[in-house]
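So this one's entry17.txt, compact mmCIF, C-alpha atoms:
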# COMPACT_ATOMS: atom_id res chain seq x y z
CA MET M 1 -23.21 25.29 -13.95
CA ALA M 2 -22.20 28.82 -12.93
CA VAL M 3 -21.49 27.63 -9.41
CA LEU M 4 -19.39 24.77 -10.71
CA LYS M 5 -17.47 27.11 -13.00
CA GLY M 6 -16.96 29.56 -10.16
CA PHE M 7 -15.64 26.72 -8.00
CA LEU M 8 -13.31 25.42 -10.70
CA LYS M 9 -11.98 28.85 -11.60
CA SER M 10 -11.53 30.26 -8.07
CA LYS M 11 -7.89 31.17 -7.64
CA TYR M 12 -8.29 31.50 -3.86
CA LEU M 13 -9.64 27.97 -3.53
CA ALA M 14 -6.86 26.78 -5.82
CA PHE M 15 -4.31 28.43 -3.53
CA LEU M 16 -5.83 26.80 -0.44
CA PHE M 17 -6.05 23.35 -2.05
CA ARG M 18 -2.50 23.68 -3.39
CA LEU M 19 -1.20 24.19 0.14
CA ILE M 20 -3.30 21.33 1.54
CA LEU M 21 -2.44 18.81 -1.19
CA GLY M 22 1.19 19.87 -1.35
CA GLY M 23 1.46 19.56 2.43
CA VAL M 24 -0.16 16.12 2.41
CA PHE M 25 2.19 14.80 -0.27
CA VAL M 26 5.35 16.28 1.26
CA TYR M 27 4.34 14.82 4.65
CA ALA M 28 3.53 11.46 3.06
CA SER M 29 6.95 11.26 1.42
CA LEU M 30 9.10 11.81 4.51
CA ASP M 31 8.62 8.51 6.37
CA LYS M 32 9.01 6.55 3.12
CA ILE M 33 12.26 8.33 2.28
CA ALA M 34 13.54 7.58 5.78
CA HIS M 35 12.56 3.86 5.64
CA PRO M 36 12.83 2.57 2.06
CA GLY M 37 13.18 -1.05 3.18
CA GLU M 38 9.95 -1.03 5.18
CA PHE M 39 8.15 0.82 2.41
CA ALA M 40 9.30 -1.75 -0.18
CA LYS M 41 7.85 -4.48 2.03
CA ILE M 42 4.49 -2.70 2.14
CA VAL M 43 4.55 -2.35 -1.67
CA TYR M 44 5.30 -6.08 -1.91
CA TYR M 45 2.25 -7.02 0.18
CA TYR M 46 -0.04 -5.23 -2.28
CA HIS M 47 0.94 -7.93 -4.83
CA PHE M 48 0.41 -5.24 -7.44
CA LEU M 49 3.89 -4.88 -8.97
CA PRO M 50 6.28 -7.53 -10.32
CA GLY M 51 9.01 -8.36 -7.81
CA SER M 52 11.78 -6.82 -9.89
CA ALA M 53 10.06 -3.41 -9.94
CA ILE M 54 9.26 -3.17 -6.22
CA ASN M 55 12.52 -1.73 -4.90
CA VAL M 56 12.98 0.83 -7.69
CA PHE M 57 9.36 1.92 -7.20
CA ALA M 58 9.89 2.22 -3.43
CA ILE M 59 13.05 4.28 -3.97
CA ILE M 60 11.64 6.69 -6.54
CA LEU M 61 7.96 7.16 -5.59
CA PRO M 62 8.54 9.15 -2.34
CA TRP M 63 10.79 11.59 -4.18
CA VAL M 64 8.18 12.15 -6.87
CA GLU M 65 5.69 12.83 -4.07
CA LEU M 66 8.12 15.20 -2.35
CA LEU M 67 9.08 17.24 -5.44
CA ALA M 68 5.55 17.43 -6.84
CA GLY M 69 4.22 18.38 -3.39
CA MET M 70 6.83 21.11 -3.01
CA ALA M 71 6.07 22.40 -6.51
CA LEU M 72 2.40 22.71 -5.53
CA ILE M 73 3.20 24.59 -2.33
CA LEU M 74 5.73 26.94 -3.93
CA GLY M 75 3.73 27.52 -7.08
CA LEU M 76 6.25 26.19 -9.57
CA PHE M 77 5.11 24.05 -12.53
CA VAL M 78 1.79 23.77 -10.73
CA GLU M 79 -0.13 22.23 -13.63
CA SER M 80 2.61 19.64 -14.21
CA ALA M 81 2.78 18.81 -10.52
CA ALA M 82 -1.01 18.51 -10.45
CA LEU M 83 -0.90 16.09 -13.41
CA ILE M 84 1.76 13.98 -11.70
CA ILE M 85 -0.07 13.85 -8.38
CA GLY M 86 -3.33 13.10 -10.18
CA PHE M 87 -1.62 10.22 -11.98
CA LEU M 88 -0.23 8.94 -8.66
CA LEU M 89 -3.65 9.16 -7.03
CA VAL M 90 -5.19 7.15 -9.87
CA ILE M 91 -2.53 4.46 -9.39
CA PHE M 92 -3.08 4.51 -5.61
CA ILE M 93 -6.84 4.18 -6.05
CA MET M 94 -6.36 1.20 -8.38
CA ALA M 95 -3.89 -0.52 -6.04
CA LEU M 96 -6.04 0.15 -2.96
CA SER M 97 -9.23 -1.05 -4.65
CA SER M 98 -7.61 -4.23 -5.88
CA ALA M 99 -6.33 -4.87 -2.34
CA VAL M 100 -9.76 -4.30 -0.79
CA ILE M 101 -11.54 -6.38 -3.44
CA ARG M 102 -9.13 -9.28 -3.01
CA GLY M 103 -9.62 -8.96 0.74
CA LEU M 104 -5.94 -8.39 1.52
CA ASP M 105 -5.36 -7.49 5.15
CA ILE M 106 -2.45 -5.09 4.66
CA THR M 107 -1.22 -1.75 5.94
CA CYS M 108 -1.79 1.22 3.68
CA GLY M 109 1.72 2.67 3.63
CA CYS M 110 0.09 6.01 2.86
CA PHE M 111 1.68 8.16 5.55
CA SER M 112 3.64 5.72 7.66
CA THR M 113 5.79 2.65 7.03
CA SER M 114 5.09 1.22 10.48
CA PRO M 115 3.37 -2.21 10.38
CA SER M 116 0.85 -1.06 13.00
CA SER M 117 -0.27 2.01 11.00
CA GLU M 118 -3.63 2.33 9.26
CA LYS M 119 -5.01 -0.58 7.23
CA VAL M 120 -6.34 -0.44 3.69
CA VAL M 121 -10.10 0.09 3.79
CA TRP M 122 -12.70 1.79 1.57
CA ASP M 123 -12.24 5.05 3.57
CA THR M 124 -8.68 5.25 2.27
CA ILE M 125 -9.96 5.10 -1.29
CA ILE M 126 -12.60 7.76 -0.64
CA ARG M 127 -9.91 10.02 0.82
CA ASP M 128 -7.88 9.63 -2.37
CA LEU M 129 -10.93 10.35 -4.52
CA ILE M 130 -11.56 13.58 -2.59
CA MET M 131 -7.93 14.60 -3.09
CA LEU M 132 -8.32 13.88 -6.80
CA MET M 133 -11.29 16.25 -6.95
CA LEU M 134 -9.37 19.02 -5.17
CA LEU M 135 -6.58 18.46 -7.64
CA VAL M 136 -8.85 19.04 -10.63
CA GLN M 137 -9.79 22.38 -9.05
CA VAL M 138 -6.10 23.27 -8.63
CA TYR M 139 -5.41 22.39 -12.26
CA TYR M 140 -8.15 24.66 -13.59
CA GLY M 141 -8.21 27.37 -10.92
CA TYR M 142 -4.49 28.06 -10.49
CA GLY M 143 -3.79 30.44 -13.37
CA GLY M 144 -0.55 31.65 -11.83
CA PHE M 145 -2.05 33.08 -8.62
CA ALA M 146 0.34 33.28 -5.64
CA GLY M 147 2.96 31.26 -7.43
CA LEU M 148 6.72 31.61 -7.52
CA GLU M 149 6.53 31.05 -11.26
CA ARG M 150 4.70 34.30 -11.90
CA LEU M 151 7.03 36.24 -9.58
CA ILE M 152 10.12 34.98 -11.39
CA SER M 153 8.78 35.67 -14.87
CA ARG M 154 7.63 39.15 -13.82
CA LYS M 155 11.16 40.09 -12.71
CA LYS M 156 12.61 39.36 -16.14
CA MET X 157 -17.25 -17.23 -38.31
CA TYR X 158 -17.33 -16.75 -34.55
CA GLU X 159 -13.57 -16.09 -34.58
CA GLY X 160 -14.04 -13.50 -37.30
CA PHE X 161 -16.62 -11.71 -35.20
CA GLU X 162 -14.34 -11.74 -32.18
CA ALA X 163 -11.51 -10.23 -34.23
CA PHE X 164 -13.90 -7.58 -35.55
CA LEU X 165 -15.04 -6.76 -32.02
CA GLY X 166 -11.41 -6.58 -30.87
CA SER X 167 -10.38 -4.14 -33.58
CA ALA X 168 -13.54 -2.08 -33.05
CA ILE X 169 -12.69 -1.70 -29.38
CA VAL X 170 -9.11 -0.70 -30.24
CA ILE X 171 -10.38 1.94 -32.70
CA LEU X 172 -12.90 3.23 -30.15
CA ILE X 173 -10.27 3.55 -27.41
CA ASP X 174 -7.97 5.31 -29.87
CA LYS X 175 -10.69 7.77 -30.92
CA PHE X 176 -11.67 8.34 -27.30
CA LYS X 177 -8.04 9.02 -26.38
CA SER X 178 -7.52 11.58 -29.12
CA CYS X 179 -10.85 13.26 -28.27
CA PHE X 180 -9.82 13.41 -24.62
CA ILE X 181 -6.45 14.98 -25.44
CA LEU X 182 -8.13 17.47 -27.79
CA VAL X 183 -10.54 18.51 -25.03
CA LEU X 184 -7.67 18.89 -22.58
CA MET X 185 -5.72 20.99 -25.08
CA TYR X 186 -8.75 23.16 -25.76
CA ILE X 187 -9.05 23.95 -22.07
CA ARG X 188 -5.30 24.24 -21.60
CA PRO X 189 -3.58 25.35 -24.81
CA ASN X 190 -0.17 24.68 -23.29
CA LEU X 191 -0.87 21.05 -22.40
CA ASP X 192 2.13 20.03 -24.47
CA GLN X 193 4.40 22.11 -22.28
CA VAL X 194 2.71 20.93 -19.09
CA LEU X 195 3.23 17.29 -20.07
CA LYS X 196 6.87 17.94 -20.96
CA GLN X 197 7.49 19.64 -17.61
CA ALA X 198 5.77 16.77 -15.82
CA VAL X 199 8.08 14.23 -17.48
CA TRP X 200 11.13 16.31 -16.50
CA LEU X 201 9.90 16.66 -12.94
CA VAL X 202 9.45 12.88 -12.65
CA LEU X 203 12.88 12.21 -14.19
CA LEU X 204 14.48 14.70 -11.80
CA SER X 205 12.75 13.03 -8.82
CA ALA X 206 13.90 9.61 -10.02
CA LEU X 207 17.49 10.83 -10.35
CA ILE X 208 17.50 12.42 -6.88
CA GLY X 209 15.84 9.32 -5.42
CA LEU X 210 18.39 6.93 -6.94
CA LEU X 211 21.34 9.14 -5.92
CA TYR X 212 19.99 9.54 -2.39
CA ASN X 213 19.48 5.79 -2.15
CA LEU X 214 23.09 5.30 -3.22
CA ILE X 215 24.56 7.49 -0.45
CA SER X 216 21.95 6.94 2.27
CA PRO X 217 22.87 4.44 5.00
CA SER X 218 19.33 3.08 4.87
CA GLY X 219 19.53 2.62 1.08
CA ILE X 220 18.28 -0.63 -0.44
CA SER X 221 19.39 -2.64 -3.47
CA LEU X 222 17.64 -1.91 -6.74
CA LEU X 223 16.48 -5.49 -7.05
CA GLY X 224 14.97 -7.15 -4.02
CA ALA X 225 14.26 -10.80 -3.30
CA TRP X 226 10.51 -10.47 -3.33
CA SER X 227 9.14 -13.88 -4.01
CA PRO X 228 7.48 -15.77 -1.19
CA LYS X 229 9.57 -18.67 0.05
CA ILE X 230 8.34 -22.14 -0.87
CA LEU X 231 9.59 -24.41 1.88
CA PRO X 232 9.79 -28.22 1.86
CA GLY X 233 6.30 -29.64 2.24
CA GLY X 234 4.88 -26.93 0.00
CA VAL X 235 4.50 -24.36 2.79
CA VAL X 236 4.47 -20.79 1.47
CA ALA X 237 6.28 -18.43 3.87
CA PRO X 238 6.69 -14.64 3.73
CA PRO X 239 10.06 -13.40 2.38
CA SER X 240 11.11 -12.31 5.88
CA TYR X 241 11.11 -15.92 7.12
CA SER X 242 14.56 -17.36 7.56
CA SER X 243 14.69 -21.17 7.48
CA GLY X 244 17.81 -21.51 9.61
CA GLU X 245 16.96 -19.12 12.44
CA ASP X 246 13.20 -19.01 12.77
CA ALA X 247 10.88 -21.54 14.33
CA PRO X 248 9.99 -24.54 12.12
CA VAL X 249 6.88 -24.38 9.97
CA ILE X 250 4.07 -26.89 9.60
CA SER X 251 1.78 -27.55 6.64
CA LEU X 252 -1.99 -27.89 6.80
CA PRO X 253 -1.95 -31.72 7.09
CA GLU X 254 0.63 -31.49 9.88
CA ALA X 255 -1.43 -28.83 11.64
CA MET X 256 -4.50 -31.09 11.36
CA GLY X 257 -2.59 -34.04 12.79
CA ILE X 258 -1.31 -32.04 15.76
CA TYR X 259 -4.76 -30.52 16.30
CA ASN X 260 -6.51 -33.90 16.32
CA SER X 261 -4.01 -35.39 18.75
CA ASN X 262 -4.53 -32.48 21.17
CA GLN X 263 -0.80 -32.08 21.72
CA ALA X 264 -0.51 -28.37 21.13
CA ILE X 265 -1.82 -24.94 21.99
CA PHE X 266 -2.91 -22.98 18.93
CA LEU X 267 -2.21 -19.26 19.29
CA ASP X 268 -3.96 -16.67 17.14
CA ALA X 269 -1.62 -13.72 16.39
CA ARG X 270 -4.29 -11.52 14.82
CA LYS X 271 -6.09 -8.63 16.44
CA LYS X 272 -9.07 -9.15 18.74
CA ALA X 273 -11.70 -8.22 16.13
CA ASP X 274 -10.43 -10.90 13.73
CA TYR X 275 -10.35 -13.47 16.53
CA LEU X 276 -13.95 -12.66 17.49
CA ALA X 277 -15.06 -12.94 13.86
CA GLY X 278 -13.73 -16.48 13.75
CA HIS X 279 -10.78 -18.56 14.92
CA ILE X 280 -9.52 -22.13 15.11
CA LYS X 281 -11.59 -23.90 17.74
CA GLY X 282 -9.63 -24.01 21.00
CA ALA X 283 -7.10 -21.39 19.95
CA LEU X 284 -6.01 -18.66 22.36
CA GLN X 285 -5.45 -15.11 21.19
CA LEU X 286 -2.33 -12.96 21.53
CA PHE X 287 -2.18 -9.98 19.19
CA MET X 288 1.42 -9.75 18.07
CA GLU X 289 1.50 -5.94 17.85
CA GLU X 290 0.30 -5.64 21.47
CA PHE X 291 2.60 -8.41 22.69
CA ASP X 292 3.92 -6.51 25.72
CA VAL X 293 0.39 -5.80 26.94
CA GLU X 294 -1.33 -9.07 26.05
CA TYR X 295 1.39 -11.61 26.83
CA PRO X 296 1.10 -11.20 30.65
CA LEU X 297 -2.65 -11.87 30.33
CA VAL X 298 -2.25 -15.27 28.66
CA LYS X 299 1.10 -16.20 30.16
CA ALA X 300 -0.48 -18.49 32.76
CA LYS X 301 -2.10 -20.57 30.01
CA LEU X 302 1.14 -20.98 28.07
CA PRO X 303 3.59 -23.33 29.83
CA LYS X 304 7.13 -22.81 28.58
CA GLU X 305 7.57 -26.45 27.57
CA ALA X 306 4.27 -26.64 25.65
CA LEU X 307 4.11 -27.07 21.91
CA ILE X 308 2.70 -23.79 20.58
CA ILE X 309 1.41 -23.32 17.04
CA THR X 310 1.17 -19.69 15.93
CA TYR X 311 -1.00 -18.63 13.02
CA CYS X 312 -2.50 -15.51 11.41
CA ASP X 313 -4.53 -14.78 8.28
CA GLY X 314 -2.57 -16.83 5.76
CA ASP X 315 -1.62 -15.21 2.45
CA GLU X 316 1.97 -14.71 3.62
CA CYS X 317 0.92 -12.82 6.74
CA GLU X 318 3.80 -12.12 9.10
CA LEU X 319 2.13 -11.80 12.50
CA SER X 320 2.52 -15.54 13.22
CA LEU X 321 6.23 -15.29 12.39
CA PHE X 322 6.82 -12.26 14.61
CA LEU X 323 4.80 -13.85 17.42
CA ALA X 324 6.93 -17.00 17.18
CA ARG X 325 10.07 -14.85 17.42
CA ASN X 326 8.72 -13.02 20.47
CA LEU X 327 7.80 -16.30 22.18
CA GLU X 328 11.24 -17.77 21.52
CA ALA X 329 12.75 -14.62 23.02
CA GLU X 330 10.60 -15.28 26.12
CA GLY X 331 12.15 -18.72 26.46
CA TYR X 332 9.68 -20.98 24.64
CA THR X 333 11.49 -23.76 22.84
CA LYS X 334 8.74 -25.69 21.06
CA VAL X 335 7.11 -23.06 18.86
CA LYS X 336 5.96 -23.86 15.34
CA ILE X 337 4.39 -21.64 12.71
CA PHE X 338 1.34 -22.57 10.65
CA PHE X 339 1.64 -20.12 7.72
CA GLY X 340 -1.46 -21.46 5.98
CA GLY X 341 -3.32 -19.81 8.83
CA TRP X 342 -6.97 -18.99 9.18
CA LYS X 343 -7.43 -19.01 5.38
CA GLU X 344 -6.29 -22.61 4.77
CA TRP X 345 -7.99 -23.79 7.95
CA THR X 346 -11.43 -22.51 6.96
CA GLU X 347 -11.00 -23.49 3.31
CA ALA X 348 -10.44 -27.04 4.51
CA GLY X 349 -13.60 -26.78 6.61
CA LEU X 350 -11.85 -27.57 9.90
CA PRO X 351 -13.29 -26.83 13.37
CA ALA X 352 -13.75 -23.10 13.91
CA VAL X 353 -15.79 -20.94 16.28
CA GLN X 354 -16.74 -17.30 16.66
CA GLY X 355 -16.62 -15.07 19.74
CA GLU X 356 -14.68 -14.69 22.97
CA ASN X 357 -14.38 -18.32 23.99
CA PRO X 358 -11.54 -20.45 22.64

Now, as a test, write the supplied structure out as structure tokens.
Amino acid sequence: MAVLKGFLKSKYLAFLFRLILGGVFVYASLDKIAHPGEFAKIVYYYHFLPGSAINVFAIILPWVELLAGMALILGLFVESAALIIGFLLVIFIMALSSAVIRGLDITCGCFSTSPSSEKVVWDTIIRDLIMLMLLVQVYYGYGGFAGLERLISRKK
Amino acid sequence: MYEGFEAFLGSAIVILIDKFKSCFILVLMYIRPNLDQVLKQAVWLVLLSALIGLLYNLISPSGISLLGAWSPKILPGGVVAPPSYSSGEDAPVISLPEAMGIYNSNQAIFLDARKKADYLAGHIKGALQLFMEEFDVEYPLVKAKLPKEALIITYCDGDECELSLFLARNLEAEGYTKVKIFFGGWKEWTEAGLPAVQGENP
């Protein structure tokens, strides 16, 4: 228990994981922002959303990833950003699992919108689960360490 | 009586979920007293992202319409095609019965557009393989077996897969004139129990 608590409450680990997760989400957003049409097509092939919601989702999702990722890196609204990214990861895990269970042979659309990029497999889901665990650590371990938030409020 | 029990079970589940939810939120708030604020900030952050995203989409040259045409196309003969198929410009499609007829009369070359691993795991008996995404590399290898005037049937997984469509487009660009697409693909073929083999050999 003590080890687990130490892990959860470590501000240094939280700082490291913040940079990693923030970097991953910022990187993941860029190709989608550049190619919304291709990304919408990938969303469509998941057969997870109703047709009328696909384009709006494809337009907005990368920006949520980008802003939340930047917030994690900079240390602004870290807990909120962690909640958002956690929520996204849960949605991703559900969509990916349903695709794998139904045996859909589709591209992931995780980091690239190219049709020849990685496929959806169980490994993708495990990767998301690991990120979710790191995120829980960030949520509990952050406590304002190395964050812009604390710097700004200290100046006041 | 059975219906009454079902209704009781339903409401019990609803109450349980409700209790569980409030317990969960209480626990979260105990650990993080400012959960309320965190949630509020999260909503604002999402709304801000949505606003920026919609505005960017409006001014970006690669922007897309808010509503897309995302239903698969149902073509005459009941063939389901992916949304990217265009009836006027692309190669004609064939249904499963048509594919069977052509197959039995030995008039056509069936061409598997999926990757090698899928082909090895199982393909239409007699079909050649040409992975669409490696077209430039693989086409020269099978070119000799594909006369330009031959009737070529492309297929992929089924389930609105697009590889067969893109392969047909590539072949037409190479000068093939009698290409047809079997969108039902491997899925419909095996579900109908038609001749299939595994491994390297067609």

Please determine the contact residues of chain M with respect to chain X at a cut-off of 8 Å, counting only C-alpha atoms, and supply them as a VMD selection string. chain M and resid 34 to 37 44 51 to 56 59 to 64 67 to 68 77 79 to 81 83 to 84 105 116

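Computed from the coordinates, the atom CA of M:Ala58 to atom CA of X:Ala269 distance equals 27.9 Å.
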
If you count all atoms listed in the file, which residues fall within 10 Å of stretch 329-342 of chain X, apart from same-chain ones fewer than 3 positions away, as a PDB file with C-alpha atoms, in the coordinates of the input?
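Just written: result.pdb:
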ATOM      1  CA  VAL X 235       4.500 -24.360   2.790  1.00  0.00           C
ATOM      2  CA  VAL X 236       4.470 -20.790   1.470  1.00  0.00           C
ATOM      3  CA  ALA X 237       6.280 -18.430   3.870  1.00  0.00           C
ATOM      4  CA  PRO X 238       6.690 -14.640   3.730  1.00  0.00           C
ATOM      5  CA  ASP X 246      13.200 -19.010  12.770  1.00  0.00           C
ATOM      6  CA  ALA X 247      10.880 -21.540  14.330  1.00  0.00           C
ATOM      7  CA  PRO X 248       9.990 -24.540  12.120  1.00  0.00           C
ATOM      8  CA  VAL X 249       6.880 -24.380   9.970  1.00  0.00           C
ATOM      9  CA  ILE X 250       4.070 -26.890   9.600  1.00  0.00           C
ATOM     10  CA  SER X 251       1.780 -27.550   6.640  1.00  0.00           C
ATOM     11  CA  LEU X 252      -1.990 -27.890   6.800  1.00  0.00           C
ATOM     12  CA  GLU X 254       0.630 -31.490   9.880  1.00  0.00           C
ATOM     13  CA  ALA X 255      -1.430 -28.830  11.640  1.00  0.00           C
ATOM     14  CA  ALA X 264      -0.510 -28.370  21.130  1.00  0.00           C
ATOM     15  CA  ILE X 265      -1.820 -24.940  21.990  1.00  0.00           C
ATOM     16  CA  PHE X 266      -2.910 -22.980  18.930  1.00  0.00           C
ATOM     17  CA  LEU X 267      -2.210 -19.260  19.290  1.00  0.00           C
ATOM     18  CA  ASP X 268      -3.960 -16.670  17.140  1.00  0.00           C
ATOM     19  CA  ALA X 269      -1.620 -13.720  16.390  1.00  0.00           C
ATOM     20  CA  ARG X 270      -4.290 -11.520  14.820  1.00  0.00           C
ATOM     21  CA  ASP X 274     -10.430 -10.900  13.730  1.00  0.00           C
ATOM     22  CA  TYR X 275     -10.350 -13.470  16.530  1.00  0.00           C
ATOM     23  CA  GLY X 278     -13.730 -16.480  13.750  1.00  0.00           C
ATOM     24  CA  HIS X 279     -10.780 -18.560  14.920  1.00  0.00           C
ATOM     25  CA  ILE X 280      -9.520 -22.130  15.110  1.00  0.00           C
ATOM     26  CA  TYR X 295       1.390 -11.610  26.830  1.00  0.00           C
ATOM     27  CA  LEU X 302       1.140 -20.980  28.070  1.00  0.00           C
ATOM     28  CA  PRO X 303       3.590 -23.330  29.830  1.00  0.00           C
ATOM     29  CA  LYS X 304       7.130 -22.810  28.580  1.00  0.00           C
ATOM     30  CA  GLU X 305       7.570 -26.450  27.570  1.00  0.00           C
ATOM     31  CA  ALA X 306       4.270 -26.640  25.650  1.00  0.00           C
ATOM     32  CA  LEU X 307       4.110 -27.070  21.910  1.00  0.00           C
ATOM     33  CA  ILE X 308       2.700 -23.790  20.580  1.00  0.00           C
ATOM     34  CA  ILE X 309       1.410 -23.320  17.040  1.00  0.00           C
ATOM     35  CA  THR X 310       1.170 -19.690  15.930  1.00  0.00           C
ATOM     36  CA  TYR X 311      -1.000 -18.630  13.020  1.00  0.00           C
ATOM     37  CA  CYS X 312      -2.500 -15.510  11.410  1.00  0.00           C
ATOM     38  CA  ASP X 313      -4.530 -14.780   8.280  1.00  0.00           C
ATOM     39  CA  GLY X 314      -2.570 -16.830   5.760  1.00  0.00           C
ATOM     40  CA  ASP X 315      -1.620 -15.210   2.450  1.00  0.00           C
ATOM     41  CA  GLU X 316       1.970 -14.710   3.620  1.00  0.00           C
ATOM     42  CA  CYS X 317       0.920 -12.820   6.740  1.00  0.00           C
ATOM     43  CA  GLU X 318       3.800 -12.120   9.100  1.00  0.00           C
ATOM     44  CA  LEU X 319       2.130 -11.800  12.500  1.00  0.00           C
ATOM     45  CA  SER X 320       2.520 -15.540  13.220  1.00  0.00           C
ATOM     46  CA  LEU X 321       6.230 -15.290  12.390  1.00  0.00           C
ATOM     47  CA  PHE X 322       6.820 -12.260  14.610  1.00  0.00           C
ATOM     48  CA  LEU X 323       4.800 -13.850  17.420  1.00  0.00           C
ATOM     49  CA  ALA X 324       6.930 -17.000  17.180  1.00  0.00           C
ATOM     50  CA  ARG X 325      10.070 -14.850  17.420  1.00  0.00           C
ATOM     51  CA  ASN X 326       8.720 -13.020  20.470  1.00  0.00           C
ATOM     52  CA  TRP X 345      -7.990 -23.790   7.950  1.00  0.00           C
ATOM     53  CA  THR X 346     -11.430 -22.510   6.960  1.00  0.00           C
ATOM     54  CA  GLU X 347     -11.000 -23.490   3.310  1.00  0.00           C
ATOM     55  CA  ALA X 348     -10.440 -27.040   4.510  1.00  0.00           C
ATOM     56  CA  LEU X 350     -11.850 -27.570   9.900  1.00  0.00           C
ATOM     57  CA  ALA X 352     -13.750 -23.100  13.910  1.00  0.00           C
TER      58      ALA X 352
END

For M:Arg127, which residue out of M:Tyr27, M:Cys110, M:Met1, M:Leu19 is the nearest one, using all atoms listed in the file?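 Among M:Tyr27, M:Cys110, M:Met1, M:Leu19, it is M:Cys110 that comes nearest to M:Arg127.
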
Which residues, written as a VMD selection string, have at least one atom at most 10 Å from M:Gln137, with only C-alpha atoms counted and residues fewer than 3 positions away on the same chain left out? chain M and resid 5 7 to 11 13 to 15 17 to 18 82 131 to 134 140 to 142

Interatomic distance, atom CA of M:Val78 to atom CA of M:Val136 (Å, one decimal):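 Atom CA of M:Val136 lies at a distance of 11.6 Å from atom CA of M:Val78.
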
Using the file's own x, y and z axes, what box holds all listed atoms of stretch 308-313 of chain X with 3 Å on each side, keeping edges along x, y and z, and what are its centre and edge lengths in Å to one decimal, as lines of an AutoDock Vina configuration file?
center_x = -0.9
center_y = -19.3
center_z = 14.4
size_x = 13.2
size_y = 15.0
size_z = 18.3

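One finds atom CA of X:Gln263 at 23.4 Å from atom CA of X:Glu294.
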